[in-house]
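The structure appears right after this line, and notes come after that.
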Amino acid sequence: MELQLNNGVAMPALGFGVYQIPPEDTAAAVAEALRVGYRLIDTAAVYGNERAVGEAIRDSGIPRDEIFIETKVWISDYGYEETLHAFDKSAAKLGVDTIDLLLLHQALPGDFEKTLAAYRALEKLLASGRVRAIGVSNFMVNHLQTLRRNTNVTPAVNQIEVHPFFHQRQVRDLNAALGIVTQAWSPIGGITDYSGNGTTSTFEAETIRHIADEVGRTPAQVMLAWHLQQGRAAIPKSVTPERIAENFQIFDMQLTSVQIAALDDLETGQRGGPEPEDLTLETAGKDIPEA
Ligand code: NDP
């Protein structure tokens with residue numbers, strides 16, 4: 001199943017995320033994902049595992065143009081020249097000439113000029129054909145509005161935290177109005193499980209378990225079907241082969257409108273990840289090594 005981006009490029013709706021997979025385990029996980037059918041891999045410069053992603057893609061024997069590679073520029077590399085160079089670092093680590101989708105990982109609210117300069121570098125990379133599509137991640141309504149006022153190319157994707165406990169409806173509505181695909185990170189609520197902030201994990205939620213029983217599938221599959229049926233892209237992560245396969249077996253599912261509404265009712269308003277508005281170079285800066 002593919003989604004059409006606003007520049008005509010087709011992107012798989014379901015991809016495989018590799019955040020928190022140690023570099024030494026990444027190639028095996030990506031190889032397994034490709035083996036069971038995923039054709040989109042989501043990584044980031046700051047995850048430290050781009051090299052292993054590239055290795056698994058090359059070793060898979062699958063033609064390069066059948067795999068959609070998505071990575072992100074970290075805030076420490078923002079600025080026009082710096083971001084052009086960040087592309088070179090990521091492309092070299094991945095071992096590719098072209099990146100399918102390059103995102104700004106976060107807005108830098110305290111230095112939005114730098115964020116804009118980084119985005120202008122993405123526009124340049126798009127124009128020169130080094131990337132096939134550009135976008136952003138963790139951009140809130142005000143960030144998107146400022147970006148649109150000051151740059152030319154509408155982002156193709158905004159990758160944000162969305163799972164049954166946290167919906168970001170305002171950001172999603174603005175994405176939709178601007179023709180930006182919402183791509184859900186932590187789509188099955190991983191962050192409600194591993195963040196240790198005391199929330200019940202989505203996997204334990206009674207409503208989700210109940211729907212899973214009704215449709216004879218697992219909670220993760222129900223959550224992923226909920227995203228896809230509402231037109232969102234999703235990038236679940238797992239290092240467990242059975243789960244990697246399970247999370248891809250969702251294309252024959254159809255939730256009822258009642259089931260979708262029940263999932264929509266689980267919104268808590270509580271973000272699992274850091275508040276995007278509070279991000280600074282001082283607290284979150286991290287040197288991204290040369291290739
Ligand atoms: P997910 O919602 O994908 O959940 C991952 C967690 O759920 C892991 O602990 C995994 O365990 C477990 N899990 C996976 N499948 C199942 C299953 N079928 N049943 C039960 N448990 C399961 O959360 P992530 O936070 O990892 O997000 C996914 C991706 O989103 C990331 O890898 C990254 O690519 C992207 N992301 C982007 C961010 C951004 O700022 N742009 C921030 C966070 C994530 P195990 O691996 O042990 O199987």
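Note on naming: chains are A, B, ... as they come in the structure tokens, residues start from 1 per chain, ligands start from 1 in the order shown.
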Inset, instruction - Might you pull out every residue within 9 Å of Thr207 (chain A), with only C-alpha atoms counted and same-chain residues fewer than 5 positions away left off, and present them as an MDAnalysis selection string? - result: chainID A and resid 212 262:263 266
Inset, instruction - Enumerate residues in contact with ligand 1: an atom-to-atom distance of at most 7 Å, counting only C-alpha atoms and all ligand atoms. Format the result as a count of residues only. - result: 35
Inset, instruction - Tell me which of A:Val46, A:Ile208, A:Ala133, A:Ala291 sits closest to Ile75 (chain A), counting only C-alpha atoms. - result: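 Residue with the minimum atom-to-atom distance to Ile75 (chain A): A:Val46.
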Inset, instruction - Identify, on the basis of only C-alpha atoms, every residue whose closest approach to Asn142 (chain A) does not exceed 10 Å; exclude the query and any residue fewer than 4 positions from it along the same chain; express the result as number ranges by chain. - result: A: 109, 146-148, 171, 277
Legend entry - Polymer residues at most 12 Å from Asn152 (chain A), only C-alpha atoms, same-chain spacing of 3 or more positions, as a ChimeraX atom specification: /A:116,119-124,126-127,134,146-149,155
Could the residues in this selection be written to a file with N, CA and C atoms, as an mmCIF file, in the first residue's frame?
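Dumped everything to out_18.cif:
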data_model
loop_
_atom_site.group_PDB
_atom_site.id
_atom_site.type_symbol
_atom_site.label_atom_id
_atom_site.label_comp_id
_atom_site.auth_asym_id
_atom_site.auth_seq_id
_atom_site.Cartn_x
_atom_site.Cartn_y
_atom_site.Cartn_z
ATOM 1 N N LEU A 116 15.269 27.427 9.227
ATOM 2 C CA LEU A 116 14.907 27.820 7.859
ATOM 3 C C LEU A 116 16.084 27.622 6.906
ATOM 4 N N TYR A 119 16.301 24.062 6.100
ATOM 5 C CA TYR A 119 15.242 23.645 5.161
ATOM 6 C C TYR A 119 15.567 24.115 3.739
ATOM 7 N N ARG A 120 16.165 25.310 3.629
ATOM 8 C CA ARG A 120 16.550 25.798 2.282
ATOM 9 C C ARG A 120 17.610 24.879 1.675
ATOM 10 N N ALA A 121 18.444 24.303 2.512
ATOM 11 C CA ALA A 121 19.416 23.315 2.003
ATOM 12 C C ALA A 121 18.673 22.076 1.485
ATOM 13 N N LEU A 122 17.623 21.655 2.200
ATOM 14 C CA LEU A 122 16.823 20.516 1.700
ATOM 15 C C LEU A 122 16.205 20.872 0.351
ATOM 16 N N GLU A 123 15.709 22.107 0.218
ATOM 17 C CA GLU A 123 15.127 22.535 -1.068
ATOM 18 C C GLU A 123 16.166 22.454 -2.182
ATOM 19 N N LYS A 124 17.378 22.836 -1.867
ATOM 20 C CA LYS A 124 18.470 22.789 -2.853
ATOM 21 C C LYS A 124 18.763 21.323 -3.240
ATOM 22 N N LEU A 126 16.745 18.877 -3.116
ATOM 23 C CA LEU A 126 15.600 18.402 -3.900
ATOM 24 C C LEU A 126 15.742 18.865 -5.353
ATOM 25 N N ALA A 127 16.078 20.140 -5.516
ATOM 26 C CA ALA A 127 16.198 20.705 -6.868
ATOM 27 C C ALA A 127 17.308 20.013 -7.646
ATOM 28 N N ILE A 134 11.317 15.974 0.461
ATOM 29 C CA ILE A 134 11.827 16.579 1.702
ATOM 30 C C ILE A 134 10.673 16.799 2.673
ATOM 31 N N THR A 146 5.349 29.102 10.205
ATOM 32 C CA THR A 146 6.521 29.950 9.959
ATOM 33 C C THR A 146 7.335 29.403 8.792
ATOM 34 N N LEU A 147 7.451 28.092 8.739
ATOM 35 C CA LEU A 147 8.187 27.481 7.627
ATOM 36 C C LEU A 147 7.535 27.815 6.293
ATOM 37 N N ARG A 148 6.220 27.686 6.228
ATOM 38 C CA ARG A 148 5.516 27.933 4.971
ATOM 39 C C ARG A 148 5.648 29.402 4.532
ATOM 40 N N ARG A 149 5.661 30.308 5.496
ATOM 41 C CA ARG A 149 5.774 31.738 5.157
ATOM 42 C C ARG A 149 7.151 32.082 4.599
ATOM 43 N N PRO A 155 6.575 20.846 2.768
ATOM 44 C CA PRO A 155 7.102 19.527 3.139
ATOM 45 C C PRO A 155 6.176 18.417 2.614
#
Inset, instruction - Determine the nearest neighbour of Asn158 (chain A) from the options A:His85, A:Tyr78, A:Ala225, A:Ala234, counting only C-alpha atoms. - result: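 Closest residue, counting only C-alpha atoms: A:Ala234.
Restricting the calculation to only C-alpha atoms, the smallest distance between Thr192 (chain A) and any of A:Asp88, A:Glu204, A:Asp65, A:Asp264 is found for A:Glu204.
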Inset, instruction - Might you pull out every residue within 9 Å of Val9 (chain A), with only C-alpha atoms counted and same-chain residues fewer than 5 positions away left off, and present them as JSON, numbers by chain? - result: {"A": [3, 4, 100, 132, 133]}
Legend entry - Which of A:Met223, A:Ala91, A:Ile62, A:Leu279 sits closest to Tyr38 (chain A) [using only C-alpha atoms]: A:Ile62
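CA of Arg39 (chain A) sits 9.8 Å away from CA of Ile57 (chain A).
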Excluding same-chain residues fewer than 6 positions from region 173-175 of chain A, what lies within 12 Å of it counting only C-alpha atoms, as a CSV table (one decimal) with all heavy atoms, in the first residue's frame?
chain,number,residue,atom,x,y,z
A,5,LEU,N,2.9,11.3,-2.3
A,5,LEU,CA,3.4,12.5,-1.7
A,5,LEU,C,3.0,13.7,-2.6
A,5,LEU,O,2.6,13.5,-3.8
A,5,LEU,CB,4.9,12.5,-1.5
A,5,LEU,CG,5.4,11.3,-0.6
A,5,LEU,CD1,6.9,11.4,-0.5
A,5,LEU,CD2,4.7,11.3,0.8
A,6,ASN,N,3.1,14.9,-2.0
A,6,ASN,CA,2.6,16.1,-2.8
A,6,ASN,C,3.5,16.5,-4.0
A,6,ASN,O,3.1,17.4,-4.7
A,6,ASN,CB,2.4,17.3,-1.8
A,6,ASN,CG,3.7,17.7,-1.1
A,6,ASN,OD1,4.8,17.3,-1.5
A,6,ASN,ND2,3.5,18.4,0.0
A,135,GLY,N,11.0,16.9,3.9
A,135,GLY,CA,10.0,17.1,4.9
A,135,GLY,C,10.5,17.4,6.3
A,135,GLY,O,11.7,17.8,6.4
A,136,VAL,N,9.7,17.3,7.3
A,136,VAL,CA,10.0,17.7,8.6
A,136,VAL,C,9.6,16.6,9.6
A,136,VAL,O,8.8,15.7,9.3
A,136,VAL,CB,9.4,19.1,9.0
A,136,VAL,CG1,10.0,20.2,8.1
A,136,VAL,CG2,7.9,19.1,8.8
A,137,SER,N,10.0,16.8,10.9
A,137,SER,CA,9.5,15.9,11.9
A,137,SER,C,9.3,16.7,13.2
A,137,SER,O,10.1,17.7,13.4
A,137,SER,CB,10.6,14.8,12.1
A,137,SER,OG,10.2,14.0,13.2
A,138,ASN,N,8.3,16.4,14.0
A,138,ASN,CA,8.1,17.1,15.2
A,138,ASN,C,7.8,18.6,15.0
A,138,ASN,O,8.0,19.4,15.9
A,138,ASN,CB,9.2,16.9,16.2
A,138,ASN,CG,9.4,15.4,16.5
A,138,ASN,OD1,8.5,14.7,17.0
A,138,ASN,ND2,10.6,14.9,16.3
A,139,PHE,N,7.3,18.9,13.9
A,139,PHE,CA,6.9,20.3,13.6
A,139,PHE,C,5.5,20.5,14.1
A,139,PHE,O,4.6,19.8,13.7
A,139,PHE,CB,7.0,20.7,12.1
A,139,PHE,CG,8.4,21.3,11.8
A,139,PHE,CD1,9.5,20.6,12.2
A,139,PHE,CD2,8.5,22.4,11.0
A,139,PHE,CE1,10.8,21.1,11.9
A,139,PHE,CE2,9.7,22.9,10.7
A,139,PHE,CZ,10.9,22.3,11.1
A,140,MET,N,5.3,21.5,15.0
A,140,MET,CA,4.0,21.8,15.5
A,140,MET,C,3.4,22.9,14.6
A,140,MET,O,4.0,23.4,13.7
A,140,MET,CB,4.1,22.3,17.0
A,140,MET,CG,4.8,21.3,17.9
A,140,MET,SD,3.7,19.8,18.1
A,140,MET,CE,4.5,18.6,17.0
A,141,VAL,N,2.1,23.3,14.9
A,141,VAL,CA,1.4,24.2,14.1
A,141,VAL,C,2.2,25.5,13.8
A,141,VAL,O,2.3,25.9,12.6
A,141,VAL,CB,0.0,24.5,14.7
A,141,VAL,CG1,-0.7,25.7,14.0
A,141,VAL,CG2,-0.9,23.3,14.6
A,142,ASN,N,2.7,26.1,14.8
A,142,ASN,CA,3.4,27.4,14.6
A,142,ASN,C,4.7,27.2,13.8
A,142,ASN,O,5.1,28.0,13.0
A,142,ASN,CB,3.7,28.1,15.9
A,142,ASN,CG,4.5,27.2,16.9
A,142,ASN,OD1,4.4,26.0,16.9
A,142,ASN,ND2,5.4,27.9,17.7
A,143,HIS,N,5.3,26.1,14.0
A,143,HIS,CA,6.6,25.8,13.2
A,143,HIS,C,6.2,25.6,11.7
A,143,HIS,O,6.9,26.2,10.9
A,143,HIS,CB,7.3,24.5,13.7
A,143,HIS,CG,7.5,24.5,15.2
A,143,HIS,ND1,7.4,23.4,15.9
A,143,HIS,CD2,7.9,25.5,16.0
A,143,HIS,CE1,7.7,23.6,17.2
A,143,HIS,NE2,8.0,24.9,17.3
A,144,LEU,N,5.2,24.9,11.4
A,144,LEU,CA,4.8,24.7,10.0
A,144,LEU,C,4.4,26.0,9.4
A,144,LEU,O,4.7,26.3,8.3
A,144,LEU,CB,3.6,23.8,9.9
A,144,LEU,CG,3.9,22.2,10.0
A,144,LEU,CD1,2.6,21.5,10.0
A,144,LEU,CD2,4.8,21.8,8.9
A,145,GLN,N,3.7,26.8,10.2
A,145,GLN,CA,3.2,28.1,9.6
A,145,GLN,C,4.4,29.0,9.3
A,145,GLN,O,4.5,29.6,8.2
A,145,GLN,CB,2.2,28.8,10.6
A,145,GLN,CG,0.9,28.1,10.6
A,145,GLN,CD,0.0,28.6,11.7
A,145,GLN,OE1,0.5,29.1,12.8
A,145,GLN,NE2,-1.3,28.4,11.6
A,148,ARG,N,6.2,27.7,6.2
A,148,ARG,CA,5.5,27.9,5.0
A,148,ARG,C,5.6,29.4,4.5
A,148,ARG,O,5.7,29.7,3.4
A,148,ARG,CB,4.0,27.6,5.1
A,148,ARG,CG,3.7,26.1,5.1
A,148,ARG,CD,4.3,25.4,3.9
A,148,ARG,NE,3.7,25.9,2.6
A,148,ARG,CZ,4.5,26.3,1.6
A,148,ARG,NH1,5.8,26.4,1.7
A,148,ARG,NH2,3.9,26.7,0.5
A,154,THR,N,6.5,23.0,0.0
A,154,THR,CA,5.8,22.5,1.1
A,154,THR,C,6.4,21.1,1.5
A,154,THR,O,6.6,20.3,0.6
A,154,THR,CB,4.3,22.3,0.7
A,154,THR,OG1,3.8,23.5,0.2
A,154,THR,CG2,3.4,21.7,1.8
A,155,PRO,N,6.6,20.8,2.8
A,155,PRO,CA,7.1,19.5,3.1
A,155,PRO,C,6.2,18.4,2.6
A,155,PRO,O,5.0,18.6,2.6
A,155,PRO,CB,7.1,19.6,4.7
A,155,PRO,CG,7.0,21.0,5.0
A,155,PRO,CD,6.3,21.7,3.9
A,156,ALA,N,6.8,17.3,2.2
A,156,ALA,CA,6.0,16.2,1.8
A,156,ALA,C,5.4,15.4,3.0
A,156,ALA,O,4.3,14.8,2.9
A,156,ALA,CB,6.8,15.3,0.9
A,157,VAL,N,6.2,15.4,4.1
A,157,VAL,CA,5.8,14.6,5.2
A,157,VAL,C,6.1,15.4,6.5
A,157,VAL,O,7.1,16.2,6.5
A,157,VAL,CB,6.7,13.3,5.2
A,157,VAL,CG1,6.7,12.6,6.6
A,157,VAL,CG2,6.3,12.4,4.1
A,158,ASN,N,5.3,15.2,7.5
A,158,ASN,CA,5.6,15.7,8.9
A,158,ASN,C,5.5,14.4,9.8
A,158,ASN,O,4.4,13.9,10.0
A,158,ASN,CB,4.7,16.8,9.3
A,158,ASN,CG,5.0,17.4,10.7
A,158,ASN,OD1,6.1,17.1,11.2
A,158,ASN,ND2,4.1,18.2,11.2
A,159,GLN,N,6.7,13.9,10.3
A,159,GLN,CA,6.7,12.7,11.1
A,159,GLN,C,6.5,13.2,12.6
A,159,GLN,O,7.4,13.9,13.1
A,159,GLN,CB,8.0,12.0,10.9
A,159,GLN,CG,8.1,10.7,11.7
A,159,GLN,CD,9.4,10.0,11.6
A,159,GLN,OE1,10.1,9.9,12.6
A,159,GLN,NE2,9.7,9.5,10.4
A,160,ILE,N,5.4,12.8,13.2
A,160,ILE,CA,5.1,13.2,14.5
A,160,ILE,C,4.6,12.0,15.4
A,160,ILE,O,4.2,11.0,14.9
A,160,ILE,CB,4.0,14.3,14.5
A,160,ILE,CG1,2.8,13.8,13.8
A,160,ILE,CG2,4.5,15.6,13.9
A,160,ILE,CD1,1.6,14.8,13.9
A,167,HIS,N,-2.9,12.0,19.9
A,167,HIS,CA,-3.3,12.1,18.5
A,167,HIS,C,-2.8,13.3,17.7
A,167,HIS,O,-2.8,13.3,16.5
A,167,HIS,CB,-4.8,12.1,18.5
A,167,HIS,CG,-5.5,10.9,19.0
A,167,HIS,ND1,-6.8,10.7,19.1
A,167,HIS,CD2,-4.9,9.7,19.5
A,167,HIS,CE1,-7.1,9.5,19.6
A,167,HIS,NE2,-5.9,8.9,19.9
A,181,VAL,N,1.8,14.6,4.3
A,181,VAL,CA,1.4,13.3,4.8
A,181,VAL,C,1.9,13.3,6.3
A,181,VAL,O,3.0,13.6,6.6
A,181,VAL,CB,2.1,12.1,4.1
A,181,VAL,CG1,2.0,10.8,4.8
A,181,VAL,CG2,1.5,12.0,2.7
A,182,THR,N,1.0,12.9,7.2
A,182,THR,CA,1.4,12.6,8.6
A,182,THR,C,1.9,11.2,8.7
A,182,THR,O,1.3,10.2,8.3
A,182,THR,CB,0.1,12.7,9.5
A,182,THR,OG1,-0.4,14.1,9.5
A,182,THR,CG2,0.5,12.4,11.0
A,183,GLN,N,3.1,11.1,9.2
A,183,GLN,CA,3.8,9.8,9.4
A,183,GLN,C,3.9,9.6,10.9
A,183,GLN,O,4.5,10.5,11.6
A,183,GLN,CB,5.1,9.8,8.7
A,183,GLN,CG,5.8,8.4,8.7
A,183,GLN,CD,7.1,8.4,8.0
A,183,GLN,OE1,7.9,9.3,8.2
A,183,GLN,NE2,7.3,7.5,7.0
A,230,GLN,N,-6.9,5.7,8.5
A,230,GLN,CA,-7.1,7.1,8.6
A,230,GLN,C,-6.1,7.9,7.7
A,230,GLN,O,-6.0,9.1,7.8
A,230,GLN,CB,-7.0,7.6,10.0
A,230,GLN,CG,-8.2,7.0,10.9
A,230,GLN,CD,-8.3,7.6,12.3
A,230,GLN,OE1,-7.3,8.0,12.9
A,230,GLN,NE2,-9.5,7.6,12.8
A,231,GLY,N,-5.5,7.2,6.8
A,231,GLY,CA,-4.6,7.9,5.8
A,231,GLY,C,-3.2,8.2,6.3
A,231,GLY,O,-2.5,9.0,5.6
A,232,ARG,N,-2.8,7.7,7.5
A,232,ARG,CA,-1.5,8.1,8.0
A,232,ARG,C,-0.5,7.0,7.6
A,232,ARG,O,-0.8,5.8,7.4
A,232,ARG,CB,-1.5,8.2,9.5
A,232,ARG,CG,-2.2,9.3,10.1
A,232,ARG,CD,-2.0,9.4,11.6
A,232,ARG,NE,-2.7,8.4,12.3
A,232,ARG,CZ,-4.0,8.3,12.6
A,232,ARG,NH1,-4.8,9.3,12.1
A,232,ARG,NH2,-4.5,7.4,13.3
Inset, instruction - Extract the full set of helix (DSSP H, G or I) residues from region 60-97 of chain A according to DSSP on the backbone, and format it as an NGL selection string. - result: :A and (60 or 64-66 or 75-77 or 80-94)
Legend entry - Residue nearest Val73 (chain A) among A:Arg169, A:Lys286, A:Val222, A:Gly95 (counting only C-alpha atoms): A:Lys286
Inset, instruction - Report the distance between CA of Ala86 (chain A) and CA of Val131 (chain A) in Å, rounded to one decimal place. - result: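 Calculated distance between CA of Ala86 (chain A) and CA of Val131 (chain A) is 12.5 Å.
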Inset, instruction - Compare A:Gly129, A:Gly61, A:Gly110, A:Gly272 by their minimum atom-to-atom distance to Asp97 (chain A), counting only C-alpha atoms, and give me the closest one. - result: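 Of all the options, A:Gly129 lies closest to Asp97 (chain A).
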Legend entry - Between CA of Leu104 (chain A) and CA of Arg271 (chain A), distance in Å (one decimal): 19.9 Å
Inset, instruction - Using backbone DSSP assignments, extract all strand (DSSP E or B) residues from region 21-267 of chain A; output them as a VMD selection string. - result: chain A and resid 40 to 42 68 to 73 99 to 104 131 to 137 157 to 161 163 166 181 to 185 233 to 234
